[in-house]
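With compact mmCIF, C-alpha atoms and all ligand atoms inside, this is target38.txt:
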# COMPACT_ATOMS: atom_id res chain seq x y z
CA MET A 1 0.00 0.00 0.00
CA PRO A 2 1.36 3.44 -0.79
CA ASP A 3 1.60 5.76 2.17
CA LEU A 4 -1.56 7.78 1.62
CA ASP A 5 -3.78 9.22 4.27
CA LEU A 6 -7.37 10.19 3.75
CA PRO A 7 -8.17 13.42 5.51
CA GLN A 8 -11.66 14.21 6.72
CA ARG A 9 -14.07 14.81 3.89
CA GLN A 10 -15.79 18.20 3.81
CA ALA A 11 -15.33 19.75 7.24
CA PRO A 12 -18.55 19.92 9.24
CA ASP A 13 -19.22 23.25 10.95
CA SER A 14 -18.30 21.80 14.34
CA LEU A 15 -14.74 22.11 13.07
CA MET A 16 -14.83 25.89 13.10
CA LEU A 17 -13.04 26.30 16.40
CA THR A 18 -14.60 28.46 19.11
CA GLY A 19 -12.74 29.89 22.09
CA PHE A 20 -10.38 32.00 19.94
CA TRP A 21 -9.93 35.55 18.68
CA TYR A 22 -10.79 36.15 15.02
CA ARG A 23 -10.24 39.11 12.75
CA ALA A 24 -13.64 40.63 11.98
CA LEU A 25 -13.02 43.78 9.93
CA PRO A 26 -10.18 46.13 9.01
CA ALA A 27 -10.07 48.88 11.66
CA ASP A 28 -10.20 51.64 9.04
CA ARG A 29 -13.61 50.45 7.91
CA VAL A 30 -15.25 50.78 11.32
CA HIS A 31 -16.20 54.35 12.14
CA ARG A 32 -18.08 56.20 14.84
CA HIS A 33 -21.73 56.94 14.03
CA HIS A 34 -21.81 54.09 11.58
CA LEU A 35 -22.73 50.44 12.09
CA CYS A 36 -21.10 47.68 10.01
CA LYS A 37 -22.08 44.09 9.50
CA ALA A 38 -19.71 41.12 9.63
CA THR A 39 -20.07 37.34 9.89
CA LEU A 40 -17.74 35.10 11.89
CA LEU A 41 -18.27 31.34 12.24
CA GLU A 42 -21.79 31.78 10.87
CA ILE A 43 -22.60 34.32 13.60
CA PRO A 44 -24.04 37.59 12.26
CA LEU A 45 -22.45 40.56 13.99
CA VAL A 46 -22.88 44.31 14.06
CA LEU A 47 -19.74 46.31 14.76
CA GLY A 48 -19.14 49.94 15.50
CA ARG A 49 -17.22 52.40 17.68
CA ASP A 50 -18.49 54.26 20.70
CA ARG A 51 -18.08 57.98 21.28
CA LEU A 52 -14.47 57.46 22.37
CA GLY A 53 -13.65 55.33 19.36
CA GLN A 54 -13.64 52.03 21.27
CA PRO A 55 -14.85 49.19 19.05
CA PHE A 56 -17.75 46.92 19.99
CA ALA A 57 -19.43 43.84 18.51
CA LEU A 58 -22.96 42.64 19.15
CA ARG A 59 -24.86 39.72 17.73
CA ASP A 60 -26.86 41.23 14.92
CA ALA A 61 -30.22 40.10 16.28
CA CYS A 62 -32.28 41.78 18.97
CA PRO A 63 -32.95 39.45 21.93
CA HIS A 64 -36.61 40.55 21.85
CA ARG A 65 -37.85 39.42 18.44
CA GLY A 66 -34.70 39.08 16.39
CA MET A 67 -34.63 42.36 14.50
CA PRO A 68 -31.12 42.96 13.10
CA LEU A 69 -29.55 45.54 15.39
CA ASN A 70 -27.63 47.09 12.50
CA CYS A 71 -30.95 48.67 11.47
CA GLY A 72 -31.14 50.44 14.82
CA ARG A 73 -30.18 53.89 15.98
CA PHE A 74 -26.88 54.41 17.74
CA ASP A 75 -26.13 57.46 19.88
CA GLY A 76 -22.47 56.67 20.60
CA GLU A 77 -23.29 54.72 23.75
CA ASN A 78 -26.50 52.75 23.44
CA LEU A 79 -28.01 51.03 20.45
CA GLU A 80 -31.77 51.28 20.05
CA CYS A 81 -33.54 48.50 18.21
CA SER A 82 -35.63 49.79 15.33
CA TYR A 83 -38.63 47.54 16.07
CA HIS A 84 -39.75 48.34 19.65
CA GLY A 85 -37.02 50.67 20.79
CA TRP A 86 -35.29 48.47 23.35
CA GLN A 87 -31.90 49.99 24.14
CA PHE A 88 -28.66 48.13 24.79
CA ASP A 89 -25.24 49.11 26.06
CA VAL A 90 -22.98 48.32 23.10
CA HIS A 91 -20.05 46.97 25.14
CA ASP A 92 -21.74 44.39 27.33
CA GLY A 93 -25.12 44.18 25.59
CA GLN A 94 -27.04 44.97 28.78
CA CYS A 95 -30.57 46.22 28.20
CA GLN A 96 -31.03 49.80 29.37
CA LEU A 97 -34.61 50.54 28.46
CA ILE A 98 -37.83 48.88 27.29
CA PRO A 99 -40.08 51.76 26.24
CA SER A 100 -43.35 49.74 26.39
CA LEU A 101 -43.10 49.07 30.15
CA THR A 102 -45.49 51.03 32.36
CA SER A 103 -44.33 52.38 35.71
CA ASP A 104 -46.01 49.58 37.68
CA GLN A 105 -44.51 46.77 35.58
CA ASN A 106 -41.34 45.59 37.24
CA LEU A 107 -39.63 43.47 34.61
CA LYS A 108 -35.91 43.43 35.44
CA VAL A 109 -34.61 45.13 32.33
CA ASP A 110 -30.97 44.95 33.42
CA ARG A 111 -31.08 41.14 33.45
CA ILE A 112 -31.63 41.10 29.72
CA TYR A 113 -28.63 41.12 27.39
CA ALA A 114 -28.14 41.30 23.66
CA GLY A 115 -25.40 38.86 22.62
CA SER A 116 -22.11 40.74 22.79
CA TYR A 117 -18.48 39.88 22.15
CA ARG A 118 -15.17 41.11 23.45
CA CYS A 119 -13.35 43.25 20.90
CA GLU A 120 -9.78 44.45 20.45
CA GLU A 121 -8.12 46.65 17.91
CA GLN A 122 -4.75 45.23 16.96
CA ASP A 123 -2.48 45.79 13.95
CA SER A 124 -5.07 47.35 11.59
CA PHE A 125 -7.92 44.98 12.49
CA ILE A 126 -10.83 44.71 14.88
CA TRP A 127 -10.56 41.29 16.49
CA VAL A 128 -13.55 39.59 18.08
CA PHE A 129 -13.38 36.83 20.66
CA ILE A 130 -15.75 34.00 19.75
CA PRO A 131 -16.33 32.19 23.03
CA ASP A 132 -16.79 28.57 23.62
CA PRO A 133 -19.58 27.53 23.60
CA ALA A 134 -21.16 30.21 21.43
CA PRO A 135 -23.65 32.32 23.42
CA PRO A 136 -27.31 32.11 22.49
CA GLY A 137 -28.72 34.97 20.42
CA ALA A 138 -31.21 36.12 22.98
CA GLY A 139 -30.23 35.85 26.54
CA PHE A 140 -29.34 36.80 29.99
CA ALA A 141 -25.57 36.73 29.94
CA PRO A 142 -22.87 39.38 29.59
CA PRO A 143 -20.03 38.65 27.12
CA ALA A 144 -17.64 35.78 27.86
CA GLU A 145 -14.14 36.88 28.89
CA PRO A 146 -11.19 35.63 26.85
CA SER A 147 -8.22 34.25 28.73
CA ASP A 148 -5.71 36.05 26.55
CA THR A 149 -5.43 39.11 24.32
CA ALA A 150 -5.79 39.17 20.55
CA PRO A 151 -2.70 38.02 18.58
CA GLN A 152 -0.15 40.66 17.62
CA ILE A 153 2.51 40.97 14.98
CA GLU A 154 6.00 40.86 16.37
CA LYS A 155 7.91 44.07 15.63
CA PHE A 156 11.66 44.47 16.02
CA SER A 157 12.05 48.25 15.94
CA GLU A 158 10.08 51.27 17.04
CA LYS A 159 9.52 52.65 13.57
CA TYR A 160 7.92 50.57 10.90
CA LYS A 161 5.34 50.58 8.16
CA SER A 162 2.40 48.29 7.74
CA ALA A 163 -0.29 47.33 5.28
CA TYR A 164 -3.03 44.77 4.92
CA LEU A 165 -4.65 42.72 2.18
CA GLN A 166 -7.83 40.66 2.11
CA ALA A 167 -9.25 38.00 -0.14
CA GLU A 168 -12.43 35.97 0.15
CA MET A 169 -12.30 32.30 -0.76
CA PRO A 170 -15.34 30.13 -1.46
CA VAL A 171 -13.90 27.17 0.47
CA SER A 172 -13.98 25.95 4.09
CA ILE A 173 -11.38 27.21 6.55
CA ASP A 174 -9.60 23.84 6.27
CA HIS A 175 -9.00 24.20 2.55
CA GLY A 176 -8.01 27.84 3.07
CA ILE A 177 -5.42 26.85 5.68
CA ILE A 178 -3.92 23.84 3.98
CA GLY A 179 -3.76 25.84 0.75
CA LEU A 180 -1.73 28.45 2.59
CA MET A 181 0.78 26.00 4.08
CA ASP A 182 1.14 23.86 0.98
CA PRO A 183 4.66 24.16 -0.50
CA ALA A 184 4.03 22.18 -3.68
CA HIS A 185 1.66 24.57 -5.45
CA GLY A 186 4.23 27.38 -5.71
CA PRO A 187 5.77 26.50 -9.09
CA PHE A 188 2.33 25.98 -10.66
CA VAL A 189 0.24 28.74 -9.12
CA HIS A 190 2.76 31.46 -8.32
CA GLN A 191 4.72 31.73 -11.53
CA ALA A 192 5.88 35.15 -12.64
CA TRP A 193 8.98 36.23 -14.45
CA TRP A 194 10.04 38.44 -11.53
CA TRP A 195 9.57 35.70 -8.99
CA ARG A 196 10.37 32.31 -10.41
CA THR A 197 9.54 29.99 -13.27
CA GLN A 198 8.47 26.39 -13.33
CA HIS A 199 11.98 25.43 -14.41
CA SER A 200 13.50 26.67 -11.19
CA ILE A 201 11.86 23.79 -9.32
CA HIS A 202 14.35 21.93 -7.15
CA GLU A 203 14.59 19.73 -4.11
CA LYS A 204 14.11 21.42 -0.73
CA LYS A 205 14.69 20.25 2.76
CA LYS A 206 13.22 22.10 5.73
CA ASN A 207 13.27 21.47 9.45
CA PHE A 208 10.08 21.68 11.44
CA GLU A 209 9.61 21.69 15.18
CA PRO A 210 6.60 21.54 17.49
CA ILE A 211 5.53 24.74 19.28
CA PRO A 212 2.52 25.17 21.60
CA ASN A 213 -0.67 24.56 19.56
CA GLY A 214 1.27 24.51 16.32
CA PHE A 215 4.49 23.95 14.45
CA ARG A 216 7.38 26.00 13.16
CA MET A 217 9.45 25.87 10.03
CA SER A 218 12.72 26.48 11.84
CA ALA A 219 14.79 29.58 11.05
CA HIS A 220 16.41 29.01 7.69
CA THR A 221 17.92 30.93 4.82
CA PRO A 222 15.21 31.45 2.21
CA SER A 223 15.51 29.63 -1.06
CA SER A 224 17.95 31.25 -3.43
CA ASN A 225 15.75 30.79 -6.49
CA SER A 226 13.78 33.98 -6.00
CA ALA A 227 14.84 37.43 -7.11
CA PRO A 228 13.39 39.48 -4.21
CA TYR A 229 15.54 37.59 -1.71
CA LYS A 230 18.64 38.26 -3.76
CA LEU A 231 17.70 41.94 -3.80
CA LEU A 232 17.12 41.95 -0.06
CA ARG A 233 20.53 40.44 0.63
CA LEU A 234 22.11 43.21 -1.40
CA TYR A 235 20.09 45.97 0.23
CA ALA A 236 20.48 44.84 3.82
CA ASP A 237 24.15 44.19 3.26
CA ALA A 238 23.63 41.17 5.48
CA ASP A 239 25.33 37.82 5.07
CA SER A 240 22.45 36.02 6.53
CA ILE A 241 18.77 36.34 5.95
CA THR A 242 16.61 34.10 8.06
CA THR A 243 12.97 33.24 7.72
CA THR A 244 10.81 31.61 10.37
CA ILE A 245 7.28 30.47 9.65
CA ASP A 246 4.90 29.43 12.42
CA PHE A 247 1.44 27.98 12.24
CA VAL A 248 -0.66 28.11 15.40
CA LEU A 249 -4.29 27.04 15.91
CA PRO A 250 -6.87 28.04 15.03
CA ASN A 251 -5.70 29.96 11.94
CA LEU A 252 -2.52 31.95 12.50
CA ARG A 253 0.44 31.93 10.14
CA THR A 254 3.34 34.14 11.16
CA GLU A 255 6.30 34.78 8.92
CA THR A 256 9.35 36.66 10.10
CA ILE A 257 12.24 37.62 7.87
CA ARG A 258 15.33 39.15 9.44
CA ALA A 259 18.40 40.52 7.70
CA GLY A 260 20.76 42.42 9.99
CA LYS A 261 18.82 45.32 11.48
CA TYR A 262 16.07 44.97 8.92
CA TRP A 263 12.96 42.91 9.38
CA PHE A 264 9.66 42.02 7.80
CA SER A 265 6.85 40.33 9.75
CA SER A 266 3.48 39.19 8.62
CA LEU A 267 0.49 37.62 10.30
CA THR A 268 -1.89 35.87 7.97
CA THR A 269 -5.21 34.53 9.22
CA VAL A 270 -7.82 32.39 7.54
CA THR A 271 -11.14 33.30 9.08
CA PRO A 272 -14.19 31.05 8.87
CA ILE A 273 -17.14 33.13 7.68
CA THR A 274 -19.46 30.19 7.04
CA ARG A 275 -18.64 26.52 6.70
CA ASN A 276 -18.01 26.91 2.97
CA HIS A 277 -16.51 30.34 2.93
CA CYS A 278 -13.39 31.83 4.43
CA ARG A 279 -11.39 35.04 4.19
CA ILE A 280 -7.65 35.46 4.12
CA ASP A 281 -6.28 38.58 5.79
CA VAL A 282 -2.58 39.34 5.51
CA VAL A 283 -1.14 42.10 7.66
CA ALA A 284 2.52 42.91 7.19
CA ALA A 285 4.84 45.22 9.14
CA TRP A 286 8.40 46.07 8.12
CA ASN A 287 11.25 48.50 8.57
CA LEU A 288 12.87 47.55 5.27
CA PHE A 289 12.94 50.08 2.48
CA ARG A 290 11.22 52.67 4.64
CA TRP A 291 13.06 55.44 2.85
CA VAL A 292 13.02 54.06 -0.63
CA PRO A 293 10.02 55.33 -2.59
CA PHE A 294 7.69 52.84 -4.25
CA VAL A 295 9.10 49.81 -2.48
CA PRO A 296 6.17 49.44 -0.07
CA ASP A 297 3.84 49.71 -3.06
CA LEU A 298 5.91 47.16 -4.88
CA LEU A 299 5.77 44.82 -1.89
CA LYS A 300 2.04 45.26 -1.68
CA PHE A 301 1.73 44.57 -5.38
CA VAL A 302 3.73 41.33 -5.06
CA PHE A 303 1.68 40.20 -2.08
CA ALA A 304 -1.59 41.12 -3.74
CA LYS A 305 -0.57 39.15 -6.81
CA PHE A 306 0.18 36.05 -4.73
CA VAL A 307 -3.03 36.28 -2.76
CA GLU A 308 -5.02 36.78 -5.96
CA GLN A 309 -3.38 33.70 -7.52
CA ASP A 310 -4.34 31.69 -4.43
CA ARG A 311 -7.87 33.09 -4.44
CA ARG A 312 -8.39 32.25 -8.10
CA THR A 313 -7.04 28.73 -7.53
CA MET A 314 -9.34 28.09 -4.58
CA GLU A 315 -12.30 29.45 -6.51
CA LEU A 316 -11.65 26.83 -9.18
CA GLN A 317 -10.99 24.17 -6.55
CA ALA A 318 -14.38 24.92 -4.95
CA GLY A 319 -16.00 23.70 -8.16
CA GLY A 320 -14.28 20.35 -7.77
CA LEU A 321 -15.06 20.11 -4.06
CA GLN A 322 -18.79 20.66 -4.62
CA HIS A 323 -19.43 16.96 -5.03
CA ASN A 324 -17.44 15.98 -1.97
CA PRO A 325 -14.69 13.96 -3.64
CA HIS A 326 -12.23 11.82 -1.71
CA LEU A 327 -9.01 13.69 -1.08
CA MET A 328 -5.53 12.48 -0.35
CA LEU A 329 -2.54 13.95 1.38
CA ILE A 330 0.92 12.70 0.51
CA ASP A 331 4.27 12.77 2.26
CA ASP A 332 6.26 14.94 2.62
CA ALA A 333 4.67 17.88 0.78
CA ASP A 334 1.30 17.53 2.54
CA ARG A 335 2.70 16.70 5.95
CA PRO A 336 2.02 20.22 7.32
CA ALA A 337 -1.61 19.76 6.23
CA LYS A 338 -1.72 16.46 8.09
CA TRP A 339 -0.30 18.13 11.22
CA TYR A 340 -2.99 20.79 10.93
CA PHE A 341 -5.80 18.20 10.92
CA GLN A 342 -4.10 16.28 13.73
CA LEU A 343 -3.63 19.43 15.82
CA LYS A 344 -7.25 20.32 15.36
CA ALA A 345 -8.36 16.85 16.39
CA ALA A 346 -5.97 16.93 19.40
CA HIS A 347 -7.34 20.33 20.43
CA LEU A 348 -10.95 19.08 20.29
CA GLU A 349 -10.01 15.92 22.16
CA ALA A 350 -8.22 17.93 24.88
CA LYS A 351 -11.31 20.07 25.25
CA ARG A 352 -13.58 17.05 25.45
CA THR A 353 -11.50 15.43 28.17
CA SER A 354 -10.31 18.67 29.86
CA ALA A 355 -6.77 17.37 29.51
CA GLU A 356 -3.60 18.93 28.12
CA ILE A 357 -3.41 18.92 24.34
CA LYS A 358 -1.44 15.91 23.04
CA HIS A 359 0.82 17.40 20.42
CA PRO A 360 0.81 15.27 17.25
CA MET A 361 4.46 16.09 16.58
CA PRO A 362 6.63 14.57 19.30
CA HIS A 363 9.96 15.91 18.02
CA PRO A 364 11.54 18.00 15.27
CA VAL A 365 11.17 16.56 11.78
CA THR A 366 12.90 17.23 8.46
CA LEU A 367 10.65 17.28 5.39
CA LYS A 368 11.75 17.07 1.77
CA TRP A 369 9.90 18.04 -1.37
CA ARG A 370 10.51 19.57 -4.77
CA SER A 371 9.21 23.06 -5.42
S1 LIG B 401 -37.25 43.24 18.15
FE1 LIG B 401 -35.91 44.60 19.03
S2 LIG B 401 -37.06 45.74 20.38
FE2 LIG B 401 -38.43 44.29 19.62
FE FE B 402 -0.07 30.26 -2.44
Rewrite the coordinates I just gave you, this time as structure tokens.
Ligand code: FES
Ligand SMILES: [Fe+2]
Amino acid sequence: MPDLDLPQRQAPDSLMLTGFWYRALPADRVHRHHLCKATLLEIPLVLGRDRLGQPFALRDACPHRGMPLNCGRFDGENLECSYHGWQFDVHDGQCQLIPSLTSDQNLKVDRIYAGSYRCEEQDSFIWVFIPDPAPPGAGFAPPAEPSDTAPQIEKFSEKYKSAYLQAEMPVSIDHGIIGLMDPAHGPFVHQAWWWRTQHSIHEKKKNFEPIPNGFRMSAHTPSSNSAPYKLLRLYADADSITTTIDFVLPNLRTETIRAGKYWFSSLTTVTPITRNHCRIDVVAAWNLFRWVPFVPDLLKFVFAKFVEQDRRTMELQAGGLQHNPHLMLIDDADRPAKWYFQLKAAHLEAKRTSAEIKHPMPHPVTLKWRS
């Protein structure tokens, strides 16, 4: 028998992991006096900013009779539902007023809550904590408190630039993630004269190591078959350029490139919108080329090109996945994908048994492939 593993078929929605922070919207799209809609893990949300600019996120359904709260009126503090005028504090969802109550009716208004979610603004995005288990739409509970803060991009100097990119993909989060960590598609999907050609394909060997809730492609010198890296070596006047790539559950891919005093960091997330739809958000920060005109634009152009190539590929792939075909993952090129599925299963198992997560990767491993 060849060494083939069959991964799960189409991921059921239970595999969208709760109990984590997710990127909801770019921060520059959420303004005061304006309500925006977003969907995370099939939960409809309404986002906005209070008078002081602090972001908030509520479930976009009134706990009374389900009217979307984004249709309501917002005064910078409380949101008033457009159907019967119930008012809610936007940060904890607590009901402030039910206009239909008469003075002798003593319904405890403050025990009623609209579903609300903890929010943080971090590196150009509004992050929302999706608790575990998901709160009911109408209810009597304040928002669940996360145990940690939203993920941040690591920066290595005080001054830096940053930018973000987004792309929607009509596939499940699993296909979005394994597409992102897959090394073998590069020569076929990401060809460009200024990057590489199919003929530059050669054998690669990379070391991986386990890290909490994920794995790391250990610090290495990036492959010499790409022009931008050659340029970078020249510019930074550095003998060594190292790249580290981490993947951490539920959806975080961090890439750090360091060359002498210069650095480039990115945090890419694949966010489940619905079970068949995800969004890739790439946020990058760098101190490279800060003074050279056009280079940031050039970098953004290169990144946008890559993301667009991936998006187009996944759009086509979605057509093939429609009929739920059997899939296969091969060694070594698909091993990171296998670790992803194993990590996810180990995470769910640890939650079920309230035990420590059993890491699927007991020790560092070297993988080989051609790309
Ligand atoms: S549905 Fe919102 S107040 Fe009635
Ligand atoms: Fe790609």
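When the distance limit is 9 Å and only C-alpha atoms are what count, the residues near Arg311 in chain A, minus those fewer than 3 positions from it on the same chain, are Ala167, Glu168, Met169, Pro170, Ile280, Phe306, Val307, Glu308, Met314, Glu315 and Leu316 of chain A.
Counting from CA of Tyr235 in chain A, the distance to CA of Thr269 in chain A is 29.2 Å.
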Q: Taking the point (-17.4, 48.9, 19.5) as given in the file, collect each protein or nucleic acid residue that comes within 10 Å of it, counting all atoms listed in the file, and present the set as a PyMOL selection string.
A: chain A and resi 30-32+35+46-58+76-77+90-91+116-121+126
Mind checking which residues fall within 6 Å of range 215-220 of chain A, counting only C-alpha atoms, ignoring those fewer than 6 positions away in the same chain, and posting them as a PDB file with C-alpha atoms, in the frame of the given file?
ATOM      1  CA  ASN A 207      13.270  21.470   9.450  1.00  0.00           C
ATOM      2  CA  PHE A 208      10.080  21.680  11.440  1.00  0.00           C
ATOM      3  CA  GLU A 209       9.610  21.690  15.180  1.00  0.00           C
ATOM      4  CA  THR A 242      16.610  34.100   8.060  1.00  0.00           C
ATOM      5  CA  THR A 243      12.970  33.240   7.720  1.00  0.00           C
ATOM      6  CA  THR A 244      10.810  31.610  10.370  1.00  0.00           C
ATOM      7  CA  ILE A 245       7.280  30.470   9.650  1.00  0.00           C
ATOM      8  CA  ASP A 246       4.900  29.430  12.420  1.00  0.00           C
ATOM      9  CA  PHE A 247       1.440  27.980  12.240  1.00  0.00           C
TER      10      PHE A 247
END
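A straight line drawn from CA of Arg29 in chain A to CA of Ser124 in chain A is 9.8 Å long.
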Q: Residues up to 7 Å from ligand LIG 401 (chain B), counting all atoms listed in the file: could you list those as a ChimeraX atom specification?
A: /A:62-67,81-86
Could you write out the selected residues, including C-alpha atoms, as a tab-separated table (two decimals), in the frame of the given file?
chain	number	residue	atom	x	y	z
A	62	CYS	CA	-32.28	41.78	18.97
A	63	PRO	CA	-32.95	39.45	21.93
A	64	HIS	CA	-36.61	40.55	21.85
A	65	ARG	CA	-37.85	39.42	18.44
A	66	GLY	CA	-34.70	39.08	16.39
A	67	MET	CA	-34.63	42.36	14.50
A	81	CYS	CA	-33.54	48.50	18.21
A	82	SER	CA	-35.63	49.79	15.33
A	83	TYR	CA	-38.63	47.54	16.07
A	84	HIS	CA	-39.75	48.34	19.65
A	85	GLY	CA	-37.02	50.67	20.79
A	86	TRP	CA	-35.29	48.47	23.35
Q | Counting only C-alpha atoms and all ligand atoms, the residue of A:Met361, A:Leu299, A:Ala318, A:Ile177 that sits nearest ligand FE 402 (chain B) | A | A:Ile177
At a cut-off of 12 Å, using only C-alpha atoms, what residues contact range 108-115 of chain A? Leave out same-chain residues fewer than 5 positions from it and give the result as a compact mmCIF listing (two decimals) with C-alpha atoms, keeping the file's coordinate frame.
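The result, stored in around36.txt:
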# COMPACT_ATOMS: atom_id res chain seq x y z
CA ILE A 43 -22.60 34.32 13.60
CA PRO A 44 -24.04 37.59 12.26
CA LEU A 45 -22.45 40.56 13.99
CA VAL A 46 -22.88 44.31 14.06
CA PHE A 56 -17.75 46.92 19.99
CA ALA A 57 -19.43 43.84 18.51
CA LEU A 58 -22.96 42.64 19.15
CA ARG A 59 -24.86 39.72 17.73
CA ASP A 60 -26.86 41.23 14.92
CA ALA A 61 -30.22 40.10 16.28
CA CYS A 62 -32.28 41.78 18.97
CA PRO A 63 -32.95 39.45 21.93
CA HIS A 64 -36.61 40.55 21.85
CA ARG A 65 -37.85 39.42 18.44
CA GLY A 66 -34.70 39.08 16.39
CA MET A 67 -34.63 42.36 14.50
CA PRO A 68 -31.12 42.96 13.10
CA LEU A 69 -29.55 45.54 15.39
CA ASN A 78 -26.50 52.75 23.44
CA LEU A 79 -28.01 51.03 20.45
CA GLU A 80 -31.77 51.28 20.05
CA CYS A 81 -33.54 48.50 18.21
CA TRP A 86 -35.29 48.47 23.35
CA GLN A 87 -31.90 49.99 24.14
CA PHE A 88 -28.66 48.13 24.79
CA ASP A 89 -25.24 49.11 26.06
CA VAL A 90 -22.98 48.32 23.10
CA HIS A 91 -20.05 46.97 25.14
CA ASP A 92 -21.74 44.39 27.33
CA GLY A 93 -25.12 44.18 25.59
CA GLN A 94 -27.04 44.97 28.78
CA CYS A 95 -30.57 46.22 28.20
CA GLN A 96 -31.03 49.80 29.37
CA LEU A 97 -34.61 50.54 28.46
CA ILE A 98 -37.83 48.88 27.29
CA PRO A 99 -40.08 51.76 26.24
CA SER A 100 -43.35 49.74 26.39
CA LEU A 101 -43.10 49.07 30.15
CA ILE A 130 -15.75 34.00 19.75
CA PRO A 131 -16.33 32.19 23.03
CA ALA A 134 -21.16 30.21 21.43
CA PRO A 135 -23.65 32.32 23.42
CA PRO A 136 -27.31 32.11 22.49
CA GLY A 137 -28.72 34.97 20.42
CA ALA A 138 -31.21 36.12 22.98
CA GLY A 139 -30.23 35.85 26.54
CA PHE A 140 -29.34 36.80 29.99
CA ALA A 141 -25.57 36.73 29.94
CA PRO A 142 -22.87 39.38 29.59
CA PRO A 143 -20.03 38.65 27.12
CA ALA A 144 -17.64 35.78 27.86
Q: Would you kindly return, as a VMD selection string, each protein, DNA or RNA residue with an atom no farther than 9 Å from any atom of range 238-241 of chain A, considering all atoms listed in the file and excluding same-chain residues fewer than 2 positions away?
A: chain A and resid 220 to 222 229 232 to 236 243 257 to 261
Enumerate as a compact mmCIF listing (two decimals) with C-alpha atoms, in the coordinates of the input the residues within 8 Å of ligand FE 402 (chain B), counting all atoms listed in the file.
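Just written: result.txt:
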# COMPACT_ATOMS: atom_id res chain seq x y z
CA GLY A 179 -3.76 25.84 0.75
CA LEU A 180 -1.73 28.45 2.59
CA MET A 181 0.78 26.00 4.08
CA ASP A 182 1.14 23.86 0.98
CA PRO A 183 4.66 24.16 -0.50
CA HIS A 185 1.66 24.57 -5.45
CA GLY A 186 4.23 27.38 -5.71
CA VAL A 189 0.24 28.74 -9.12
CA HIS A 190 2.76 31.46 -8.32
CA PHE A 306 0.18 36.05 -4.73
CA VAL A 307 -3.03 36.28 -2.76
CA GLN A 309 -3.38 33.70 -7.52
CA ASP A 310 -4.34 31.69 -4.43
(Q) With all atoms listed in the file as the counted atoms, please give the residues lying no more than 6 Å from Ala284 in chain A, apart from itself and same-chain residues fewer than 3 positions off, as an MDAnalysis selection string. (A) chainID A and resid 162:163 265:266
Give me a file of those residues, with C-alpha atoms, as a PDB file, in the frame of the given file.
ATOM      1  CA  SER A 162       2.400  48.290   7.740  1.00  0.00           C
ATOM      2  CA  ALA A 163      -0.290  47.330   5.280  1.00  0.00           C
ATOM      3  CA  SER A 265       6.850  40.330   9.750  1.00  0.00           C
ATOM      4  CA  SER A 266       3.480  39.190   8.620  1.00  0.00           C
TER       5      SER A 266
END
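Distances from A:Asn251, A:Thr313, A:Asn70, A:Ser147 to Gly19 in chain A were compared using all atoms listed in the file, and the smallest one belongs to A:Ser147.
Taking CA of Ala346 in chain A and CA of His359 in chain A as endpoints, the distance between them is 6.9 Å.
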Quick one: axis-aligned box around all listed atoms of range 48-55 of chain A, 5 Å on every side, centre and edge lengths in Å to one decimal, written as AutoDock Vina command-line options.
--center_x -16.4 --center_y 53.6 --center_z 18.9 --size_x 15.5 --size_y 18.8 --size_z 16.9
Q | Residue among A:Trp21, A:Phe264, A:Ala285, A:Lys206 lying closest to Ala333 in chain A, counting only C-alpha atoms | A | A:Lys206
Could you write range 118-124 of chain A of the block just shown to a file containing N, CA, C and O atoms, as an mmCIF file, in the first residue's frame?
data_model
loop_
_atom_site.group_PDB
_atom_site.id
_atom_site.type_symbol
_atom_site.label_atom_id
_atom_site.label_comp_id
_atom_site.auth_asym_id
_atom_site.auth_seq_id
_atom_site.Cartn_x
_atom_site.Cartn_y
_atom_site.Cartn_z
ATOM 1 N N ARG A 118 -16.337 40.289 23.146
ATOM 2 C CA ARG A 118 -15.167 41.110 23.452
ATOM 3 C C ARG A 118 -14.450 41.469 22.147
ATOM 4 O O ARG A 118 -14.369 40.641 21.228
ATOM 5 N N CYS A 119 -13.950 42.702 22.100
ATOM 6 C CA CYS A 119 -13.350 43.255 20.895
ATOM 7 C C CYS A 119 -11.990 43.840 21.214
ATOM 8 O O CYS A 119 -11.820 44.395 22.286
ATOM 9 N N GLU A 120 -11.075 43.770 20.287
ATOM 10 C CA GLU A 120 -9.785 44.454 20.450
ATOM 11 C C GLU A 120 -9.334 44.977 19.105
ATOM 12 O O GLU A 120 -9.550 44.322 18.085
ATOM 13 N N GLU A 121 -8.694 46.123 19.133
ATOM 14 C CA GLU A 121 -8.124 46.654 17.907
ATOM 15 C C GLU A 121 -6.634 46.373 17.951
ATOM 16 O O GLU A 121 -5.943 46.770 18.874
ATOM 17 N N GLN A 122 -6.141 45.646 16.946
ATOM 18 C CA GLN A 122 -4.745 45.228 16.961
ATOM 19 C C GLN A 122 -4.218 45.174 15.534
ATOM 20 O O GLN A 122 -4.822 44.501 14.697
ATOM 21 N N ASP A 123 -3.123 45.865 15.266
ATOM 22 C CA ASP A 123 -2.482 45.791 13.946
ATOM 23 C C ASP A 123 -3.488 45.910 12.794
ATOM 24 O O ASP A 123 -3.650 44.976 12.003
ATOM 25 N N SER A 124 -4.166 47.029 12.715
ATOM 26 C CA SER A 124 -5.073 47.345 11.594
ATOM 27 C C SER A 124 -6.380 46.568 11.541
ATOM 28 O O SER A 124 -7.140 46.712 10.593
#
